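Printed here is input.tsv (TSV, C-alpha atoms and all ligand atoms):
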chain	number	residue	atom	x	y	z
F	1	MET	CA	12.99	-21.32	-3.00
F	2	LYS	CA	12.45	-19.90	0.51
F	3	ILE	CA	13.00	-16.16	0.95
F	4	LEU	CA	13.22	-14.39	4.30
F	5	SER	CA	11.88	-10.90	3.69
F	6	ILE	CA	12.00	-7.70	5.71
F	7	GLU	CA	9.78	-4.59	5.45
F	8	THR	CA	10.55	-1.45	7.49
F	9	SER	CA	9.74	1.41	5.10
F	10	CYS	CA	7.23	3.18	7.36
F	11	ASP	CA	5.57	2.24	10.66
F	12	GLU	CA	5.24	-1.54	10.33
F	13	THR	CA	8.12	-3.80	11.29
F	14	SER	CA	7.47	-7.00	9.38
F	15	VAL	CA	9.29	-10.24	8.60
F	16	ALA	CA	7.99	-13.06	6.41
F	17	ILE	CA	9.10	-16.30	4.82
F	18	VAL	CA	7.62	-16.92	1.37
F	19	GLU	CA	8.11	-19.98	-0.81
F	20	ASP	CA	8.48	-19.60	-4.61
F	21	GLY	CA	6.87	-16.15	-4.56
F	22	ARG	CA	3.40	-17.50	-3.90
F	23	LYS	CA	3.16	-19.36	-0.59
F	24	ILE	CA	3.30	-17.60	2.79
F	25	LEU	CA	5.03	-19.74	5.43
F	26	THR	CA	4.90	-16.94	8.00
F	27	ASN	CA	4.09	-13.21	7.91
F	28	ARG	CA	4.78	-11.47	11.23
F	29	ILE	CA	3.72	-7.82	11.43
F	30	TYR	CA	4.43	-5.52	14.34
F	31	SER	CA	2.44	-2.32	13.83
F	32	GLN	CA	3.64	0.88	15.50
F	33	ILE	CA	0.26	2.57	15.04
F	34	ASP	CA	-0.35	2.84	18.82
F	35	ILE	CA	2.99	4.62	19.26
F	36	HIS	CA	2.37	7.21	16.52
F	37	GLN	CA	-1.34	7.74	17.22
F	38	LYS	CA	-0.75	10.42	19.83
F	39	TYR	CA	1.19	12.52	17.29
F	40	GLY	CA	-1.56	12.24	14.64
F	41	GLY	CA	0.83	10.68	12.10
F	42	VAL	CA	4.10	8.79	11.69
F	43	VAL	CA	7.16	10.42	13.34
F	44	PRO	CA	10.13	9.17	11.25
F	45	GLU	CA	12.75	9.14	14.04
F	46	ILE	CA	10.42	7.26	16.40
F	47	ALA	CA	9.61	4.77	13.63
F	48	SER	CA	13.33	4.09	13.04
F	49	ARG	CA	14.06	3.60	16.75
F	50	ASN	CA	11.23	1.12	17.07
F	51	HIS	CA	12.39	-0.82	14.00
F	52	VAL	CA	15.85	-1.13	15.63
F	53	THR	CA	14.50	-2.53	18.87
F	54	LYS	CA	11.72	-4.74	17.44
F	55	LEU	CA	13.20	-6.19	14.24
F	56	PRO	CA	15.46	-8.87	15.83
F	57	TYR	CA	12.50	-10.21	17.84
F	58	ILE	CA	10.22	-10.27	14.79
F	59	ILE	CA	12.85	-12.26	12.86
F	60	ASP	CA	12.99	-14.78	15.75
F	61	GLU	CA	9.19	-14.98	15.81
F	62	ALA	CA	9.03	-15.65	12.07
F	63	LEU	CA	11.60	-18.45	12.30
F	64	GLU	CA	9.90	-19.94	15.35
F	65	GLU	CA	6.45	-19.89	13.75
F	66	SER	CA	7.67	-21.50	10.52
F	67	LYS	CA	9.89	-23.98	12.41
F	68	LEU	CA	12.72	-23.03	10.06
F	69	THR	CA	16.22	-21.70	10.68
F	70	LEU	CA	18.21	-18.99	8.88
F	71	ALA	CA	20.22	-21.81	7.26
F	72	ASP	CA	17.02	-22.98	5.52
F	73	MET	CA	16.70	-19.67	3.67
F	74	ASP	CA	17.73	-19.45	0.02
F	75	ALA	CA	17.82	-15.63	-0.14
F	76	ILE	CA	17.02	-12.46	1.80
F	77	GLY	CA	14.57	-9.92	0.37
F	78	VAL	CA	14.22	-6.37	1.65
F	79	THR	CA	12.39	-3.13	0.81
F	80	ASN	CA	14.98	-0.55	-0.27
F	81	GLY	CA	12.55	2.22	-1.25
F	82	PRO	CA	10.47	4.28	-1.43
F	83	GLY	CA	9.90	5.13	2.24
F	84	LEU	CA	11.39	6.92	5.24
F	85	VAL	CA	15.14	6.74	4.77
F	86	GLY	CA	16.05	6.02	8.41
F	87	ALA	CA	13.38	3.33	8.61
F	88	LEU	CA	14.48	1.75	5.30
F	89	LEU	CA	18.12	1.62	6.45
F	90	ILE	CA	17.25	-0.46	9.54
F	91	GLY	CA	15.72	-3.23	7.43
F	92	LEU	CA	18.38	-2.91	4.76
F	93	SER	CA	21.38	-3.18	7.11
F	94	THR	CA	19.79	-6.14	8.88
F	95	ALA	CA	19.08	-7.90	5.57
F	96	LYS	CA	22.63	-7.25	4.36
F	97	ALA	CA	24.14	-8.60	7.59
F	98	ILE	CA	22.08	-11.81	7.35
F	99	ALA	CA	22.76	-12.27	3.62
F	100	TYR	CA	26.51	-11.66	4.05
F	101	SER	CA	26.89	-13.95	7.03
F	102	LEU	CA	24.90	-16.78	5.39
F	103	GLU	CA	26.52	-16.19	1.98
F	104	LYS	CA	23.04	-16.05	0.47
F	105	PRO	CA	21.73	-13.59	-2.17
F	106	LEU	CA	20.38	-10.19	-1.12
F	107	ILE	CA	17.38	-8.98	-3.15
F	108	GLY	CA	16.15	-5.38	-3.07
F	109	VAL	CA	12.43	-4.79	-3.57
F	110	HIS	CA	10.48	-1.67	-4.55
F	111	HIS	CA	7.77	-1.16	-1.91
F	112	ILE	CA	4.99	-0.41	-4.42
F	113	GLU	CA	5.91	-3.40	-6.59
F	114	GLY	CA	5.64	-5.38	-3.33
F	115	HIS	CA	2.11	-4.03	-2.75
F	116	ILE	CA	1.17	-5.20	-6.26
F	117	ALA	CA	2.72	-8.65	-5.61
F	118	ALA	CA	0.43	-9.11	-2.58
F	119	ASN	CA	-2.12	-10.22	-5.20
F	120	PHE	CA	0.18	-13.11	-6.29
F	121	LEU	CA	0.09	-14.47	-2.72
F	122	GLN	CA	-3.66	-14.62	-2.66
F	123	TYR	CA	-4.47	-15.67	-6.24
F	124	PRO	CA	-2.30	-18.55	-7.53
F	125	GLU	CA	-3.86	-18.24	-10.99
F	126	LEU	CA	-3.08	-14.52	-11.38
F	127	GLU	CA	-0.38	-13.70	-13.97
F	128	PRO	CA	0.55	-10.42	-15.70
F	129	PRO	CA	-0.49	-8.53	-17.74
F	130	PHE	CA	-2.99	-6.58	-15.66
F	131	LEU	CA	-3.75	-3.00	-14.61
F	132	THR	CA	-3.30	-2.15	-10.91
F	133	LEU	CA	-4.72	0.67	-8.87
F	134	VAL	CA	-2.13	1.20	-6.10
F	135	VAL	CA	-3.59	3.37	-3.36
F	136	SER	CA	-1.62	3.78	-0.14
F	137	GLY	CA	-0.61	6.45	2.36
F	138	GLY	CA	2.06	7.80	0.02
F	139	HIS	CA	0.95	6.72	-3.47
F	140	SER	CA	-1.99	6.75	-5.86
F	141	HIS	CA	-0.86	5.13	-9.09
F	142	LEU	CA	-2.42	3.35	-12.03
F	143	VAL	CA	0.25	0.85	-13.04
F	144	LEU	CA	0.24	-1.42	-16.07
F	145	VAL	CA	2.04	-4.62	-15.01
F	146	GLU	CA	3.15	-6.05	-18.36
F	147	ASP	CA	5.23	-8.84	-16.87
F	148	TYR	CA	6.88	-9.51	-13.50
F	149	GLN	CA	9.50	-6.82	-14.14
F	150	THR	CA	7.85	-4.29	-16.45
F	151	PHE	CA	5.78	-1.64	-14.71
F	152	THR	CA	4.44	1.35	-16.60
F	153	VAL	CA	2.80	4.18	-14.65
F	154	LEU	CA	-0.25	5.34	-16.64
F	155	GLY	CA	-1.54	7.75	-13.99
F	156	ARG	CA	-0.49	9.15	-10.64
F	157	THR	CA	-1.54	11.73	-8.09
F	158	ILE	CA	-0.28	15.21	-8.83
F	159	ASP	CA	-0.60	16.22	-5.16
F	160	ASP	CA	-1.93	14.25	-2.15
F	161	ALA	CA	-2.14	10.46	-2.23
F	162	ALA	CA	-5.58	8.95	-1.54
F	163	GLY	CA	-4.51	7.61	1.90
F	164	GLU	CA	-2.97	10.96	2.80
F	165	ALA	CA	-6.31	12.65	2.03
F	166	PHE	CA	-8.12	10.15	4.28
F	167	ASP	CA	-5.57	10.73	7.06
F	168	LYS	CA	-5.78	14.55	6.84
F	169	ILE	CA	-9.58	14.72	6.74
F	170	SER	CA	-9.83	12.23	9.59
F	171	ARG	CA	-7.58	14.46	11.70
F	172	VAL	CA	-9.72	17.58	11.13
F	173	LEU	CA	-12.88	15.58	11.88
F	174	GLY	CA	-11.26	14.41	15.14
F	175	LEU	CA	-11.44	10.75	14.10
F	176	GLY	CA	-7.74	10.03	14.74
F	177	TYR	CA	-4.93	8.16	12.95
F	178	PRO	CA	-4.86	6.22	10.71
F	179	GLY	CA	-7.69	8.03	9.00
F	180	GLY	CA	-8.74	5.49	6.37
F	181	PRO	CA	-10.21	2.85	8.68
F	182	ALA	CA	-11.76	5.58	10.90
F	183	ILE	CA	-13.51	7.31	7.98
F	184	ASP	CA	-14.56	3.96	6.46
F	185	LYS	CA	-16.27	3.07	9.77
F	186	THR	CA	-17.80	6.50	10.46
F	187	ALA	CA	-19.07	6.84	6.87
F	188	LYS	CA	-21.26	3.76	7.36
F	189	ASN	CA	-23.53	5.88	9.61
F	190	GLY	CA	-23.61	8.87	7.26
F	191	ASN	CA	-25.32	9.99	4.07
F	192	ALA	CA	-22.90	10.14	1.12
F	193	ASP	CA	-25.25	12.52	-0.75
F	194	ALA	CA	-25.49	14.98	2.16
F	195	ILE	CA	-22.73	17.32	0.90
F	196	SER	CA	-21.67	17.72	-2.70
F	197	PHE	CA	-17.85	17.74	-2.61
F	198	PRO	CA	-15.95	18.14	-5.92
F	199	ARG	CA	-14.94	15.11	-8.00
F	200	VAL	CA	-11.64	16.21	-9.44
F	201	MET	CA	-11.46	14.35	-12.74
F	202	LEU	CA	-8.80	16.65	-14.27
F	203	ASP	CA	-8.74	16.02	-18.01
F	204	LYS	CA	-11.04	13.03	-18.34
F	205	THR	CA	-8.82	11.34	-20.90
F	206	LYS	CA	-5.85	11.40	-18.51
F	207	TYR	CA	-5.43	9.05	-15.62
F	208	ASP	CA	-3.77	11.34	-13.07
F	209	PHE	CA	-5.43	12.01	-9.71
F	210	SER	CA	-5.65	15.13	-7.54
F	211	PHE	CA	-7.05	15.18	-4.01
F	212	SER	CA	-5.84	18.51	-2.60
F	213	GLY	CA	-8.84	20.46	-4.04
F	214	LEU	CA	-11.22	18.04	-2.35
F	215	LYS	CA	-9.31	18.42	0.91
F	216	SER	CA	-9.64	22.24	0.69
F	217	ALA	CA	-13.36	21.92	-0.11
F	218	VAL	CA	-13.90	19.81	3.04
F	219	LEU	CA	-11.88	22.30	5.15
F	220	ASN	CA	-13.84	25.26	3.73
F	221	TYR	CA	-17.11	23.48	4.45
F	222	LEU	CA	-16.07	22.81	8.06
F	223	ASN	CA	-14.83	26.39	8.58
F	224	GLY	CA	-18.08	27.79	7.13
F	225	LYS	CA	-20.11	25.68	9.56
F	226	LYS	CA	-17.96	26.77	12.51
F	227	MET	CA	-18.24	30.47	11.61
F	228	LYS	CA	-22.02	30.18	11.42
F	229	ASN	CA	-22.04	28.21	14.67
F	230	GLU	CA	-23.86	25.39	12.96
F	231	PRO	CA	-23.46	21.78	14.09
F	232	ILE	CA	-21.22	19.50	12.00
F	233	GLU	CA	-22.63	16.10	11.07
F	234	VAL	CA	-19.33	14.21	11.17
F	235	ASP	CA	-20.89	11.00	9.77
F	236	ASP	CA	-22.26	12.84	6.73
F	237	VAL	CA	-18.99	14.70	6.07
F	238	ALA	CA	-17.04	11.42	6.27
F	239	ALA	CA	-19.49	9.63	3.96
F	240	SER	CA	-19.62	12.47	1.40
F	241	PHE	CA	-15.82	12.89	1.39
F	242	GLN	CA	-15.26	9.14	1.03
F	243	MET	CA	-17.73	8.92	-1.87
F	244	ALA	CA	-15.94	11.79	-3.68
F	245	VAL	CA	-12.56	9.99	-3.42
F	246	ILE	CA	-13.86	6.54	-4.33
F	247	GLU	CA	-15.95	7.69	-7.29
F	248	VAL	CA	-12.87	9.25	-8.89
F	249	LEU	CA	-10.68	6.19	-8.20
F	250	VAL	CA	-13.25	3.80	-9.68
F	251	THR	CA	-14.14	5.95	-12.72
F	252	LYS	CA	-10.49	6.52	-13.69
F	253	THR	CA	-9.44	2.90	-13.15
F	254	ILE	CA	-12.25	1.51	-15.30
F	255	ALA	CA	-11.71	4.16	-18.01
F	256	CYS	CA	-7.97	3.41	-18.05
F	257	ALA	CA	-8.55	-0.36	-18.33
F	258	LYS	CA	-10.96	0.16	-21.21
F	259	SER	CA	-8.61	2.54	-23.03
F	260	ILE	CA	-5.84	-0.08	-23.13
F	261	ASN	CA	-8.28	-2.97	-23.61
F	262	MET	CA	-7.17	-4.62	-20.37
F	263	LYS	CA	-9.56	-7.20	-18.98
F	264	THR	CA	-7.90	-7.76	-15.61
F	265	ILE	CA	-7.66	-5.23	-12.77
F	266	CYS	CA	-5.94	-5.58	-9.38
F	267	MET	CA	-6.00	-3.29	-6.39
F	268	ALA	CA	-3.18	-2.88	-3.87
F	269	GLY	CA	-2.10	-0.73	-0.90
F	270	GLY	CA	-3.74	0.28	2.36
F	271	VAL	CA	-6.65	2.22	0.82
F	272	SER	CA	-7.71	-0.90	-1.10
F	273	CYS	CA	-9.03	-2.16	2.29
F	274	ASN	CA	-11.75	0.48	1.94
F	275	SER	CA	-15.17	-1.17	1.94
F	276	LEU	CA	-16.81	1.34	-0.42
F	277	LEU	CA	-13.90	1.07	-2.90
F	278	ARG	CA	-14.18	-2.73	-2.89
F	279	LYS	CA	-17.94	-2.60	-3.39
F	280	MET	CA	-17.99	0.07	-6.09
F	281	MET	CA	-15.00	-1.31	-8.01
F	282	SER	CA	-16.54	-4.82	-7.93
F	283	GLU	CA	-19.85	-3.49	-9.29
F	284	ALA	CA	-18.15	-1.43	-12.00
F	285	ALA	CA	-15.84	-4.30	-13.04
F	286	GLU	CA	-18.76	-6.71	-13.25
F	287	LYS	CA	-20.75	-4.26	-15.35
F	288	GLU	CA	-17.84	-3.92	-17.80
F	289	GLY	CA	-17.04	-7.65	-17.86
F	290	LEU	CA	-13.60	-7.18	-16.21
F	291	SER	CA	-11.94	-9.54	-13.70
F	292	LEU	CA	-11.07	-7.85	-10.41
F	293	TYR	CA	-8.56	-9.01	-7.76
F	294	TYR	CA	-7.74	-7.51	-4.38
F	295	PRO	CA	-5.95	-9.06	-1.42
F	296	ASP	CA	-7.27	-9.60	2.12
F	297	PRO	CA	-6.85	-6.45	4.27
F	298	ILE	CA	-3.80	-7.91	6.09
F	299	LEU	CA	-1.98	-8.14	2.73
F	300	CYS	CA	-3.14	-4.66	1.58
F	301	THR	CA	-1.43	-2.73	4.37
F	302	ASP	CA	2.34	-2.94	4.82
F	303	ASN	CA	3.67	-6.47	5.34
F	304	ALA	CA	6.83	-8.43	4.50
F	305	ALA	CA	5.09	-11.32	2.68
F	306	MET	CA	4.39	-9.06	-0.32
F	307	ILE	CA	8.10	-8.13	-0.32
F	308	GLY	CA	9.04	-11.84	-0.28
F	309	SER	CA	6.81	-12.48	-3.29
F	310	MET	CA	8.30	-9.64	-5.32
F	311	ALA	CA	11.84	-10.59	-4.21
F	312	TYR	CA	11.33	-14.03	-5.78
F	313	TYR	CA	10.33	-12.55	-9.14
F	314	ASN	CA	13.19	-10.02	-9.00
F	315	PHE	CA	15.63	-12.85	-8.32
F	316	ILE	CA	14.50	-15.29	-11.01
F	317	ASN	CA	14.30	-12.53	-13.62
F	318	GLY	CA	17.17	-10.24	-12.64
F	319	GLY	CA	19.39	-11.98	-10.09
F	320	GLU	CA	20.61	-10.70	-6.77
F	321	SER	CA	21.35	-7.15	-5.61
F	322	ASP	CA	24.81	-5.92	-4.77
F	323	LEU	CA	25.74	-5.46	-1.09
F	324	SER	CA	26.10	-1.74	-1.87
F	325	LEU	CA	22.28	-1.58	-2.28
F	326	ASN	CA	21.08	1.69	-0.76
F	327	GLY	CA	17.84	2.91	0.82
F	328	ILE	CA	16.21	5.35	-1.64
F	329	PRO	CA	13.29	7.43	-0.26
F	330	GLY	CA	12.04	8.37	-3.75
F	331	LEU	CA	12.87	5.13	-5.60
F	332	LYS	CA	11.05	5.10	-8.96
F	333	ILE	CA	8.85	2.12	-9.77
F	334	GLY	CA	10.56	-0.32	-12.14
F	335	THR	CA	14.05	0.71	-10.93
F	336	ARG	CA	16.31	-1.00	-8.39
F	337	GLN	CA	18.79	1.68	-7.28
F	401	LIG	O1	-0.10	0.69	2.13
F	401	LIG	P1	-0.10	1.28	3.50
F	401	LIG	O2	-0.23	0.35	4.68
F	401	LIG	O3	1.18	2.13	3.76
F	401	LIG	C1	1.82	2.90	2.80
F	401	LIG	O4	2.63	2.32	2.02
F	401	LIG	O5	1.51	4.12	2.78
F	401	LIG	O6	-1.29	2.34	3.50
F	401	LIG	C2	-1.63	3.10	4.63
F	401	LIG	C3	-2.78	4.00	4.24
F	401	LIG	C4	-3.14	5.01	5.31
F	401	LIG	O7	-3.24	6.30	4.71
F	401	LIG	C5	-4.51	4.53	5.80
F	401	LIG	O8	-5.33	5.58	6.27
F	401	LIG	C6	-5.07	3.89	4.54
F	401	LIG	O9	-3.96	3.22	3.97
F	401	LIG	N1	-6.15	2.93	4.82
F	401	LIG	C7	-7.42	3.10	4.40
F	401	LIG	C8	-8.18	2.02	4.95
F	401	LIG	N2	-7.32	1.23	5.67
F	401	LIG	C9	-6.08	1.80	5.57
F	401	LIG	N3	-7.98	4.05	3.63
F	401	LIG	C10	-9.30	3.98	3.39
F	401	LIG	N4	-10.10	3.00	3.91
F	401	LIG	C11	-9.58	2.01	4.67
F	401	LIG	N5	-10.37	1.06	5.16
F	402	ZN	ZN	2.84	0.55	1.78
In structure tokens, write the structure found in this file.
Ligand code: KG4
Ligand code: ZN
Amino acid sequence: MKILSIETSCDETSVAIVEDGRKILTNRIYSQIDIHQKYGGVVPEIASRNHVTKLPYIIDEALEESKLTLADMDAIGVTNGPGLVGALLIGLSTAKAIAYSLEKPLIGVHHIEGHIAANFLQYPELEPPFLTLVVSGGHSHLVLVEDYQTFTVLGRTIDDAAGEAFDKISRVLGLGYPGGPAIDKTAKNGNADAISFPRVMLDKTKYDFSFSGLKSAVLNYLNGKKMKNEPIEVDDVAASFQMAVIEVLVTKTIACAKSINMKTICMAGGVSCNSLLRKMMSEAAEKEGLSLYYPDPILCTDNAAMIGSMAYYNFINGGESDLSLNGIPGLKIGTRQ
């Protein structure tokens, strides 16, 4: 079954063709990062306008690269939430138009479930159940994936998402947008023990996250330095901040897996590209005898192939979506509308 999938929930315009949920035939990604960089973050209206102008070309590119035509498609998959509503609606109306004109099924996909499914594209042997740490610009979730349709959130951020914290701290350090890759790179030259930033563990038996206290601690540290006219070692601040985030993510994920006796862990979302997270989670998983999976960086950040994978599992387990499918900015994981 070949699914043409579309992802436009934020600042990537992406179109993929995925076979049977596991095989990528093409995965075209047009990133708008350059356009939003000068504003220090994603401007929703600008994102929507760029999706409108770029999406038709990206669809053509995907078909050209795969040497397939729209008539070869068995269904159309599309992200219908969560995300920026204007941006979601561009992908959704395009997907509906194609599905309606071809008389093929339309399949709505939850963006975070798509991030999780990125692991299915890379690891043919991977099957639920497993625990996933989903860390992106908008989400930090610990999700138990019981089967292809049953997602239980065991922990979530109560304030900033991990990626959001990276983006905000990067901005105040003058490292630009997106902050994650910039901090990851800068931290390599710094000392992670230089500054002792708080590790917010909340109640240690719970698996929720909180990053706003850490953000305030970094801002207070920087303000204190400025007031005393002392130089700021940007590399050390980046390394110490990054270590504080990653230590919490790793500790909570491993503790959560152990508490439910889960032997398999996956990571998903843009922040799972982070080199320290990959290293520390791998070491911790090995120490505890757990299997760990995470996709290549290109499948961690937003892309349509992950949406095509999840669309396949939604279709074979739950059928197609109605043409009244709407874009839902706050769509809850495990729900369709
Ligand atoms: O999953 P994603 O592409 O989009 C959302 O669904 O939000 O994630 C984007 C986020 C941004 O906050 C970006 O700074 C972060 O992922 N990110 C990273 C790294 N690469 C991207 N964070 C930490 N380290 C990285 N290497
Ligand atoms: Zn995403």
Option closest in space to ligand LIG 401 (chain F), from F:Leu202, F:Ala182, F:Ala118, F:Val234 [counting all atoms listed in the file]
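Checking each candidate against ligand LIG 401 (chain F), we get F:Ala182 as the closest.
Going from CA of Tyr294 in chain F over to CA of Gly81 in chain F, you cover 22.7 Å.
Considering all atoms listed in the file, every residue of the polymer chains approaching ligand ZN 402 (chain F) to 8 Å or closer is listed here: Ser9, Cys10, His111, Ile112, His115, Ser136, Gly137, Gly138, Gly269, Gly270, Cys300, Thr301, Asp302 and Asn303 of chain F.
Straight-line separation from CA of Tyr207 in chain F to CA of Val134 in chain F: 12.8 Å.
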For Tyr57 in chain F, work out the shell of residues within 12 Å, counting only C-alpha atoms and skipping chain neighbours fewer than 4 positions away, then give it as a list in words.
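The neighbour list is Thr13, Ser14, Val15, Arg28, Ile29, Tyr30, Asn50, His51, Val52, Thr53, Glu61, Ala62, Leu63 and Glu64 of chain F.
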Quick one: residues within 10 Å of Leu142 in chain F, only C-alpha atoms counted, chain neighbours fewer than 3 positions away excluded, as a PyMOL selection string?
chain F and resi 131-135+139+145+151-157+207-209+249+252-253+256-257+266-267
Counting all atoms listed in the file, figure out which residue out of F:Met262, F:Ile254, F:Gly308, F:Thr26 gets nearest to Ser282 in chain F.
F:Ile254
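Distance annotation: of F:Gly91, F:Ile183, F:Phe197, F:Ala217, the residue with the minimal separation from Ser170 in chain F is F:Ile183; atom set is only C-alpha atoms.
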Near Ala244 in chain F, counting all atoms listed in the file, which residues have an atom at most 8 Å away, once you skip same-chain residues fewer than 2 positions from it, shown as a PyMOL selection string?
chain F and resi 197-199+214+240-242+246-248
Same residues, C-alpha atoms, output as a PDB file, keeping the file's coordinate frame:
ATOM      1  CA  PHE F 197     -17.850  17.740  -2.610  1.00  0.00           C
ATOM      2  CA  PRO F 198     -15.950  18.140  -5.920  1.00  0.00           C
ATOM      3  CA  ARG F 199     -14.940  15.110  -8.000  1.00  0.00           C
ATOM      4  CA  LEU F 214     -11.220  18.040  -2.350  1.00  0.00           C
ATOM      5  CA  SER F 240     -19.620  12.470   1.400  1.00  0.00           C
ATOM      6  CA  PHE F 241     -15.820  12.890   1.390  1.00  0.00           C
ATOM      7  CA  GLN F 242     -15.260   9.140   1.030  1.00  0.00           C
ATOM      8  CA  ILE F 246     -13.860   6.540  -4.330  1.00  0.00           C
ATOM      9  CA  GLU F 247     -15.950   7.690  -7.290  1.00  0.00           C
ATOM     10  CA  VAL F 248     -12.870   9.250  -8.890  1.00  0.00           C
TER      11      VAL F 248
END
Calculate how many Å separate CA of Lys225 in chain F from CA of Lys188 in chain F, rounding to one decimal.
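Separation between CA of Lys225 in chain F and CA of Lys188 in chain F: 22.1 Å.
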Got a sec: who's within 9 Å of Gln337 in chain F, counting all atoms listed in the file, leaving out chain neighbours fewer than 5 positions off, as a ChimeraX atom specification?
/F:80-81,108,325-328,331-332
Pick the closest to ligand LIG 401 (chain F) from F:Arg278, F:Lys38, F:Lys54, F:Lys263: which is it, counting only C-alpha atoms and all ligand atoms?
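Answer, going by the shortest atom-to-atom distance: F:Arg278.
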Selected residue, from F:Met280, F:Val245, F:Ile107, F:Ala165, that lies nearest to Asn317 in chain F when counting all atoms listed in the file
F:Ile107
So that all listed atoms of range 137-156 of chain F fit with 4 Å spare on each side, what axis-aligned box centre and edge lengths in Å, to one decimal, would you give as AutoDock Vina command-line options?
--center_x 3.5 --center_y -0.2 --center_z -8.0 --size_x 19.9 --size_y 26.7 --size_z 28.7
Between F:Asp296, F:Glu127, F:Asp11, F:Glu103, which residue has the minimum interatomic distance to ligand LIG 401 (chain F), considering all atoms listed in the file?
F:Asp11
Got a sec: who's within 7 Å of Ile3 in chain F, counting all atoms listed in the file, leaving out chain neighbours fewer than 4 positions off, as number ranges by chain?
F: 17-19, 73-77, 308
